[in-house]
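Here is the structure we will look at, set down as structure tokens.
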Amino acid sequence: MRILVLGSTGYLGAHVAERLRALPGAVVLTGGRSPAADLDVDLARVRPEQLAKTLAPAAPDTVINCAGATGGDAVTLAEVNARGPAVLCAALREAAPAARLVHLGSAAEYGPGIPDAPVTEAAATRPIGPYGATKLAGTVAVTASGLDAVVLRVGNPVGAGAPPTGLPGRIAALLREAGSDPEAVLRLGDLSAHRDFVDVRDVARAAVLAATAPGPLPPVLNIGGGRAVPVRDLVRSLAGLAGFRGRIEETTAGSARSALVSWQCSDIGAAEEALGWRPAHTLGEALHALWEGGGTS
């Protein structure tokens with residue numbers, strides 16, 4: 001099986017590519033803007049016909065799209081998260097119409113959740129802000145493409161290499177900077193929100209299962225931890241792992257998104273039914289991997 005991983009040098013893509021390389025009989029190709037990539041692909045800039053010419057000789061049986069932007073202005077987010085998947089689908093229809101496409105979406109596409117009510121794939125999508133909106137646009141492009149495609153709506157991934165653009169990676173970076181100084185102060189926003197955290201290794205395993213599962217899959221599958229965890233608990237747990245001796249100051253004013261999306265949790269039953277997937281790692285294990293994994297990237 002020939003599997004092309006786009007965004008293979010990113011946080012999620014690196015974990016996905018690593019897991020795929022351990023798959024017997026798999027030929028793993030990488031695509032992206034890195035000089036080390038097998039295929040030079042910039043989904044934010046390339047035209048569909050140009051991408052089709054790049055993909056045709058590679059002849060992928062499966063494409064896993066891990067390319068995405070979590071930060072930046074609205075233009076950057078739209079180029080990568082919305083335009084990128086649309087261009088990819090158009091190119092695949094021409095170059096490899098029988099290939100399966102696994103696209104990594106985001107639980108941010110759902111928007112605000114209701115406490116104690118895990119959201120299913122059938123729930124309405126009401127994203128808050130450009131990130132969730134552009135990820136939803138990418139999902140729509142994939143699910144409407146007519147391809148053999150599935151979108152994995154990923155919760156909040158935690159693990160080695162977590163970037164500082166996400167909460168776990170940002171907290172880890174602050175803790176590394178603080179060191180063991182007992183006078184250090186971490187000044188953070190409101191930590192009262194609840195989020196669905198999932199080990200990045202479990203995300204990678206879900207992507208591999210989706211890439212290799214026989215027959216058609218549901219258009220969208222939630223990939224999360226399956227429980228809502230107070231952000232405050234995550235911060236305190238990570239501080240404990242770091243041996244942080246200072247103090248954490250929490251302000252009442254957090255980000256606008258946290259205020260509007262105070263609770264998120266995904267129902268992951270459909271992924272278990274379709275893929276036989278459930279999280280294999282606890283949040284504690286994910287945080288340990290994040291801390292022991294060295295600096296963020």
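Ordering of the structure tokens sets the chain letters (A, B, ...); residue numbers start at 1 within each chain; ligands are numbered from 1 in the order shown.
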
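Residue neighbourhood of region 63-75 of chain A, excluding near-sequence residues (fewer than 6 positions): Ile3, Leu4, Val5, Leu6, Gly7, Ser8, Leu12, Gly13, Asn81, Arg100, Leu101, Val102, His103, Leu104, Pro130, Tyr131 and Thr165 of chain A, at 7 Å, using only C-alpha atoms.
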
Just to be explicit: take each residue in the selection above, keep N, CA and C atoms, and write the result as a PDB file, in the first residue's frame.
```pdb
ATOM      1  N   ILE A   3       1.085   5.095   0.779  1.00  0.00           N
ATOM      2  CA  ILE A   3       0.383   6.073   1.600  1.00  0.00           C
ATOM      3  C   ILE A   3       1.156   7.383   1.593  1.00  0.00           C
ATOM      4  N   LEU A   4       0.468   8.440   1.194  1.00  0.00           N
ATOM      5  CA  LEU A   4       1.065   9.769   1.167  1.00  0.00           C
ATOM      6  C   LEU A   4       0.581  10.555   2.380  1.00  0.00           C
ATOM      7  N   VAL A   5       1.526  11.089   3.141  1.00  0.00           N
ATOM      8  CA  VAL A   5       1.204  11.908   4.305  1.00  0.00           C
ATOM      9  C   VAL A   5       1.566  13.358   3.993  1.00  0.00           C
ATOM     10  N   LEU A   6       0.562  14.220   3.966  1.00  0.00           N
ATOM     11  CA  LEU A   6       0.799  15.645   3.756  1.00  0.00           C
ATOM     12  C   LEU A   6       0.910  16.335   5.112  1.00  0.00           C
ATOM     13  N   GLY A   7       1.846  17.272   5.218  1.00  0.00           N
ATOM     14  CA  GLY A   7       2.093  17.902   6.510  1.00  0.00           C
ATOM     15  C   GLY A   7       2.850  16.986   7.441  1.00  0.00           C
ATOM     16  N   SER A   8       3.739  16.188   6.896  1.00  0.00           N
ATOM     17  CA  SER A   8       4.411  15.132   7.664  1.00  0.00           C
ATOM     18  C   SER A   8       5.442  15.661   8.648  1.00  0.00           C
ATOM     19  N   LEU A  12       1.053  16.746  14.292  1.00  0.00           N
ATOM     20  CA  LEU A  12       0.291  15.525  14.080  1.00  0.00           C
ATOM     21  C   LEU A  12       0.898  14.677  12.968  1.00  0.00           C
ATOM     22  N   GLY A  13       1.315  15.324  11.895  1.00  0.00           N
ATOM     23  CA  GLY A  13       1.841  14.587  10.747  1.00  0.00           C
ATOM     24  C   GLY A  13       3.071  13.762  11.068  1.00  0.00           C
ATOM     25  N   ASN A  81      -6.367  25.854   5.897  1.00  0.00           N
ATOM     26  CA  ASN A  81      -7.415  24.976   6.433  1.00  0.00           C
ATOM     27  C   ASN A  81      -8.635  24.830   5.526  1.00  0.00           C
ATOM     28  N   ARG A 100      -8.145   6.593  -1.061  1.00  0.00           N
ATOM     29  CA  ARG A 100      -8.856   7.033   0.146  1.00  0.00           C
ATOM     30  C   ARG A 100      -8.176   8.287   0.687  1.00  0.00           C
ATOM     31  N   LEU A 101      -9.001   9.231   1.119  1.00  0.00           N
ATOM     32  CA  LEU A 101      -8.501  10.450   1.740  1.00  0.00           C
ATOM     33  C   LEU A 101      -8.903  10.463   3.209  1.00  0.00           C
ATOM     34  N   VAL A 102      -7.914  10.581   4.083  1.00  0.00           N
ATOM     35  CA  VAL A 102      -8.145  10.757   5.518  1.00  0.00           C
ATOM     36  C   VAL A 102      -7.714  12.178   5.857  1.00  0.00           C
ATOM     37  N   HIS A 103      -8.653  12.986   6.280  1.00  0.00           N
ATOM     38  CA  HIS A 103      -8.373  14.392   6.553  1.00  0.00           C
ATOM     39  C   HIS A 103      -8.539  14.662   8.045  1.00  0.00           C
ATOM     40  N   LEU A 104      -7.570  15.351   8.643  1.00  0.00           N
ATOM     41  CA  LEU A 104      -7.649  15.672  10.058  1.00  0.00           C
ATOM     42  C   LEU A 104      -8.371  16.994  10.260  1.00  0.00           C
ATOM     43  N   PRO A 130     -12.145  32.322  13.398  1.00  0.00           N
ATOM     44  CA  PRO A 130     -11.625  31.877  12.097  1.00  0.00           C
ATOM     45  C   PRO A 130     -11.074  30.460  12.093  1.00  0.00           C
ATOM     46  N   TYR A 131     -10.438  30.028  13.185  1.00  0.00           N
ATOM     47  CA  TYR A 131      -9.854  28.689  13.161  1.00  0.00           C
ATOM     48  C   TYR A 131     -10.931  27.625  12.964  1.00  0.00           C
ATOM     49  N   THR A 165       1.563  26.962  19.984  1.00  0.00           N
ATOM     50  CA  THR A 165       0.318  27.576  19.533  1.00  0.00           C
ATOM     51  C   THR A 165      -0.905  26.938  20.198  1.00  0.00           C
TER      52      THR A 165
END
```

>> Please return, as a VMD selection string, all residues of region 1-202 of chain A that DSSP assigns to strand (DSSP E) on the basis of the backbone.
In response: chain A and resid 2 to 6 27 to 32 39 to 40 62 to 65 100 to 106 148 to 154 156 to 158 185 to 188 194 to 195 197 to 199

> Hey, can you check how far CA of Ala271 (chain A) sits from CA of Asp202 (chain A)?
Replying inline: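 Answer for the CA of Ala271 (chain A) to CA of Asp202 (chain A) separation: 11.9 Å.
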
> Of the candidates A:Gly189, A:Pro214, A:Gly224, A:Gly276, which shows the shortest atom-to-atom distance to Glu249 (chain A), using only C-alpha atoms?
Replying inline: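 Selected residue with least distance to Glu249 (chain A): A:Gly189.
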
> With only C-alpha atoms as the atoms that count, which of A:Glu109, A:Glu49, A:Asp199, A:Asp40 lies nearest to Thr134 (chain A)?
Replying inline: A:Glu109

> Using only C-alpha atoms, which residues sit within 12 Å of Leu20 (chain A) once same-chain residues fewer than 4 positions away are excluded, as number ranges by chain?
Replying inline: A: 1-5, 8, 13-16, 24-30, 62-64, 201, 204-212

Please produce a file of the residues just selected, as a PDB file, in the first residue's frame, where the atoms kept are C-alpha atoms.
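Result written to part19.pdb:
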```pdb
ATOM      1  CA  MET A   1       0.000   0.000   0.000  1.00  0.00           C
ATOM      2  CA  ARG A   2       1.308   3.443  -0.978  1.00  0.00           C
ATOM      3  CA  ILE A   3       0.383   6.073   1.600  1.00  0.00           C
ATOM      4  CA  LEU A   4       1.065   9.769   1.167  1.00  0.00           C
ATOM      5  CA  VAL A   5       1.204  11.908   4.305  1.00  0.00           C
ATOM      6  CA  SER A   8       4.411  15.132   7.664  1.00  0.00           C
ATOM      7  CA  GLY A  13       1.841  14.587  10.747  1.00  0.00           C
ATOM      8  CA  ALA A  14       5.149  13.540  12.281  1.00  0.00           C
ATOM      9  CA  HIS A  15       3.390  11.153  14.666  1.00  0.00           C
ATOM     10  CA  VAL A  16       1.215   9.759  11.872  1.00  0.00           C
ATOM     11  CA  PRO A  24       4.089  -3.992   7.320  1.00  0.00           C
ATOM     12  CA  GLY A  25       3.989  -3.575   3.550  1.00  0.00           C
ATOM     13  CA  ALA A  26       3.408   0.176   3.626  1.00  0.00           C
ATOM     14  CA  VAL A  27       5.335   2.508   1.350  1.00  0.00           C
ATOM     15  CA  VAL A  28       5.165   5.884   3.079  1.00  0.00           C
ATOM     16  CA  LEU A  29       5.612   9.016   1.008  1.00  0.00           C
ATOM     17  CA  THR A  30       5.738  12.489   2.496  1.00  0.00           C
ATOM     18  CA  THR A  62      -4.285   6.561   0.482  1.00  0.00           C
ATOM     19  CA  VAL A  63      -3.623  10.198   1.310  1.00  0.00           C
ATOM     20  CA  ILE A  64      -3.609  11.410   4.916  1.00  0.00           C
ATOM     21  CA  ARG A 201      -0.247   8.796  19.713  1.00  0.00           C
ATOM     22  CA  ALA A 204      -1.934   8.801  14.930  1.00  0.00           C
ATOM     23  CA  ARG A 205      -3.315   5.325  15.545  1.00  0.00           C
ATOM     24  CA  ALA A 206      -6.793   6.478  14.518  1.00  0.00           C
ATOM     25  CA  ALA A 207      -5.395   7.942  11.287  1.00  0.00           C
ATOM     26  CA  VAL A 208      -3.634   4.667  10.442  1.00  0.00           C
ATOM     27  CA  LEU A 209      -6.790   2.661  11.155  1.00  0.00           C
ATOM     28  CA  ALA A 210      -8.818   4.988   8.951  1.00  0.00           C
ATOM     29  CA  ALA A 211      -6.230   4.720   6.182  1.00  0.00           C
ATOM     30  CA  THR A 212      -6.261   0.923   6.182  1.00  0.00           C
TER      31      THR A 212
END
```

>> Need the shell around Asp181 (chain A): protein/DNA/RNA residues with any atom at most 12 Å away, counting only C-alpha atoms. Skip same-chain ones fewer than 2 positions apart. Format as an MDAnalysis selection string?
In response: chainID A and resid 175:179 183:186 242:247

>> What's the separation between CA of Ala44 (chain A) and CA of Ala17 (chain A), in Å to one decimal place?
In response: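 Between CA of Ala44 (chain A) and CA of Ala17 (chain A) the gap works out to 21.0 Å.
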
Nearby residues (only C-alpha atoms) at most 10 Å from Ile223 (chain A), same-chain spacing under 4 positions excluded, as a JSON list (two decimals) with N, CA, C and O atoms, in the first residue's frame:
```json
[["chain", "number", "residue", "atom", "x", "y", "z"],
["A", 104, "LEU", "N", -7.57, 15.35, 8.64],
["A", 104, "LEU", "CA", -7.65, 15.67, 10.06],
["A", 104, "LEU", "C", -8.37, 16.99, 10.26],
["A", 104, "LEU", "O", -7.86, 18.06, 9.91],
["A", 105, "GLY", "N", -9.58, 16.90, 10.79],
["A", 105, "GLY", "CA", -10.35, 18.08, 11.14],
["A", 105, "GLY", "C", -10.16, 18.43, 12.60],
["A", 105, "GLY", "O", -9.18, 18.03, 13.24],
["A", 106, "SER", "N", -11.10, 19.19, 13.17],
["A", 106, "SER", "CA", -10.94, 19.66, 14.54],
["A", 106, "SER", "C", -12.28, 19.71, 15.25],
["A", 106, "SER", "O", -13.31, 20.08, 14.66],
["A", 107, "ALA", "N", -12.26, 19.37, 16.54],
["A", 107, "ALA", "CA", -13.47, 19.49, 17.36],
["A", 107, "ALA", "C", -13.92, 20.94, 17.48],
["A", 107, "ALA", "O", -15.06, 21.21, 17.85],
["A", 151, "VAL", "N", -13.26, 12.36, 7.51],
["A", 151, "VAL", "CA", -12.68, 13.42, 8.31],
["A", 151, "VAL", "C", -12.62, 12.96, 9.76],
["A", 151, "VAL", "O", -13.64, 12.52, 10.31],
["A", 152, "LEU", "N", -11.44, 13.03, 10.35],
["A", 152, "LEU", "CA", -11.29, 12.73, 11.78],
["A", 152, "LEU", "C", -11.31, 14.06, 12.53],
["A", 152, "LEU", "O", -10.38, 14.87, 12.39],
["A", 153, "ARG", "N", -12.38, 14.28, 13.29],
["A", 153, "ARG", "CA", -12.49, 15.53, 14.07],
["A", 153, "ARG", "C", -11.76, 15.32, 15.39],
["A", 153, "ARG", "O", -12.25, 14.71, 16.31],
["A", 154, "VAL", "N", -10.55, 15.88, 15.44],
["A", 154, "VAL", "CA", -9.64, 15.65, 16.56],
["A", 154, "VAL", "C", -9.90, 16.65, 17.68],
["A", 154, "VAL", "O", -10.08, 17.85, 17.43],
["A", 155, "GLY", "N", -9.88, 16.15, 18.91],
["A", 155, "GLY", "CA", -10.01, 17.02, 20.07],
["A", 155, "GLY", "C", -8.74, 17.82, 20.30],
["A", 155, "GLY", "O", -8.10, 18.28, 19.36],
["A", 156, "ASN", "N", -8.33, 17.97, 21.54],
["A", 156, "ASN", "CA", -7.12, 18.73, 21.87],
["A", 156, "ASN", "C", -5.96, 17.76, 22.07],
["A", 156, "ASN", "O", -5.84, 17.13, 23.13],
["A", 157, "PRO", "N", -5.09, 17.60, 21.06],
["A", 157, "PRO", "CA", -4.01, 16.61, 21.16],
["A", 157, "PRO", "C", -2.92, 17.03, 22.13],
["A", 157, "PRO", "O", -2.54, 18.20, 22.19],
["A", 196, "ASP", "N", -11.59, 18.44, 25.79],
["A", 196, "ASP", "CA", -11.44, 17.00, 25.54],
["A", 196, "ASP", "C", -10.02, 16.77, 25.01],
["A", 196, "ASP", "O", -9.74, 17.03, 23.84],
["A", 197, "PHE", "N", -9.14, 16.31, 25.89],
["A", 197, "PHE", "CA", -7.74, 16.09, 25.52],
["A", 197, "PHE", "C", -7.54, 14.64, 25.09],
["A", 197, "PHE", "O", -8.13, 13.72, 25.64],
["A", 198, "VAL", "N", -6.67, 14.46, 24.09],
["A", 198, "VAL", "CA", -6.40, 13.13, 23.57],
["A", 198, "VAL", "C", -4.91, 13.01, 23.26],
["A", 198, "VAL", "O", -4.29, 13.95, 22.75],
["A", 202, "ASP", "N", -2.60, 8.38, 20.12],
["A", 202, "ASP", "CA", -3.91, 7.81, 19.81],
["A", 202, "ASP", "C", -4.50, 8.43, 18.54],
["A", 202, "ASP", "O", -5.21, 7.77, 17.78],
["A", 203, "VAL", "N", -4.22, 9.71, 18.33],
["A", 203, "VAL", "CA", -4.66, 10.36, 17.09],
["A", 203, "VAL", "C", -3.98, 9.69, 15.90],
["A", 203, "VAL", "O", -4.62, 9.37, 14.89],
["A", 206, "ALA", "N", -5.50, 6.34, 15.19],
["A", 206, "ALA", "CA", -6.79, 6.48, 14.52],
["A", 206, "ALA", "C", -6.62, 6.77, 13.03],
["A", 206, "ALA", "O", -7.35, 6.22, 12.18],
["A", 207, "ALA", "N", -5.64, 7.62, 12.70],
["A", 207, "ALA", "CA", -5.40, 7.94, 11.29],
["A", 207, "ALA", "C", -4.95, 6.71, 10.51],
["A", 207, "ALA", "O", -5.39, 6.49, 9.36],
["A", 266, "SER", "N", -16.24, 15.20, 23.13],
["A", 266, "SER", "CA", -16.72, 14.47, 21.96],
["A", 266, "SER", "C", -17.19, 13.07, 22.34],
["A", 266, "SER", "O", -16.56, 12.39, 23.15],
["A", 267, "ASP", "N", -18.28, 12.67, 21.74],
["A", 267, "ASP", "CA", -18.73, 11.28, 21.82],
["A", 267, "ASP", "C", -17.90, 10.49, 20.81],
["A", 267, "ASP", "O", -17.93, 10.78, 19.62],
["A", 268, "ILE", "N", -17.17, 9.50, 21.28],
["A", 268, "ILE", "CA", -16.25, 8.77, 20.40],
["A", 268, "ILE", "C", -16.76, 7.37, 20.05],
["A", 268, "ILE", "O", -16.01, 6.53, 19.57],
["A", 269, "GLY", "N", -18.05, 7.14, 20.30],
["A", 269, "GLY", "CA", -18.61, 5.82, 20.03],
["A", 269, "GLY", "C", -18.56, 5.41, 18.57],
["A", 269, "GLY", "O", -18.35, 4.24, 18.25],
["A", 270, "ALA", "N", -18.75, 6.37, 17.66],
["A", 270, "ALA", "CA", -18.75, 6.03, 16.23],
["A", 270, "ALA", "C", -17.38, 5.56, 15.76],
["A", 270, "ALA", "O", -17.27, 4.67, 14.91],
["A", 271, "ALA", "N", -16.32, 6.15, 16.31],
["A", 271, "ALA", "CA", -14.97, 5.72, 15.93],
["A", 271, "ALA", "C", -14.69, 4.31, 16.42],
["A", 271, "ALA", "O", -14.02, 3.53, 15.74],
["A", 272, "GLU", "N", -15.22, 3.96, 17.58],
["A", 272, "GLU", "CA", -15.04, 2.60, 18.07],
["A", 272, "GLU", "C", -15.78, 1.61, 17.17],
["A", 272, "GLU", "O", -15.26, 0.54, 16.84],
["A", 277, "TRP", "N", -11.53, 1.68, 17.40],
["A", 277, "TRP", "CA", -10.58, 2.59, 18.05],
["A", 277, "TRP", "C", -11.15, 3.14, 19.35],
["A", 277, "TRP", "O", -12.31, 3.56, 19.41],
["A", 278, "ARG", "N", -10.33, 3.13, 20.36],
["A", 278, "ARG", "CA", -10.56, 3.88, 21.59],
["A", 278, "ARG", "C", -9.20, 4.36, 22.08],
["A", 278, "ARG", "O", -8.16, 3.78, 21.74],
["A", 279, "PRO", "N", -9.17, 5.43, 22.88],
["A", 279, "PRO", "CA", -7.88, 5.90, 23.39],
["A", 279, "PRO", "C", -7.17, 4.81, 24.19],
["A", 279, "PRO", "O", -7.78, 4.13, 25.01]]
```

>> Would you pick out the contacts of Arg195 (chain A) at 8 Å or less, using only C-alpha atoms, so that residues sharing its chain but fewer than 5 positions from it are not included, and give the list as an MDAnalysis selection string?
In response: chainID A and resid 155:156 227:231 263:265

>> With DSSP run on the backbone, what are the alpha helix (DSSP H) residues within region 76-187 of chain A? I'd like them as a ChimeraX atom specification.
In response: /A:76-77,84-95,129-143,167-178
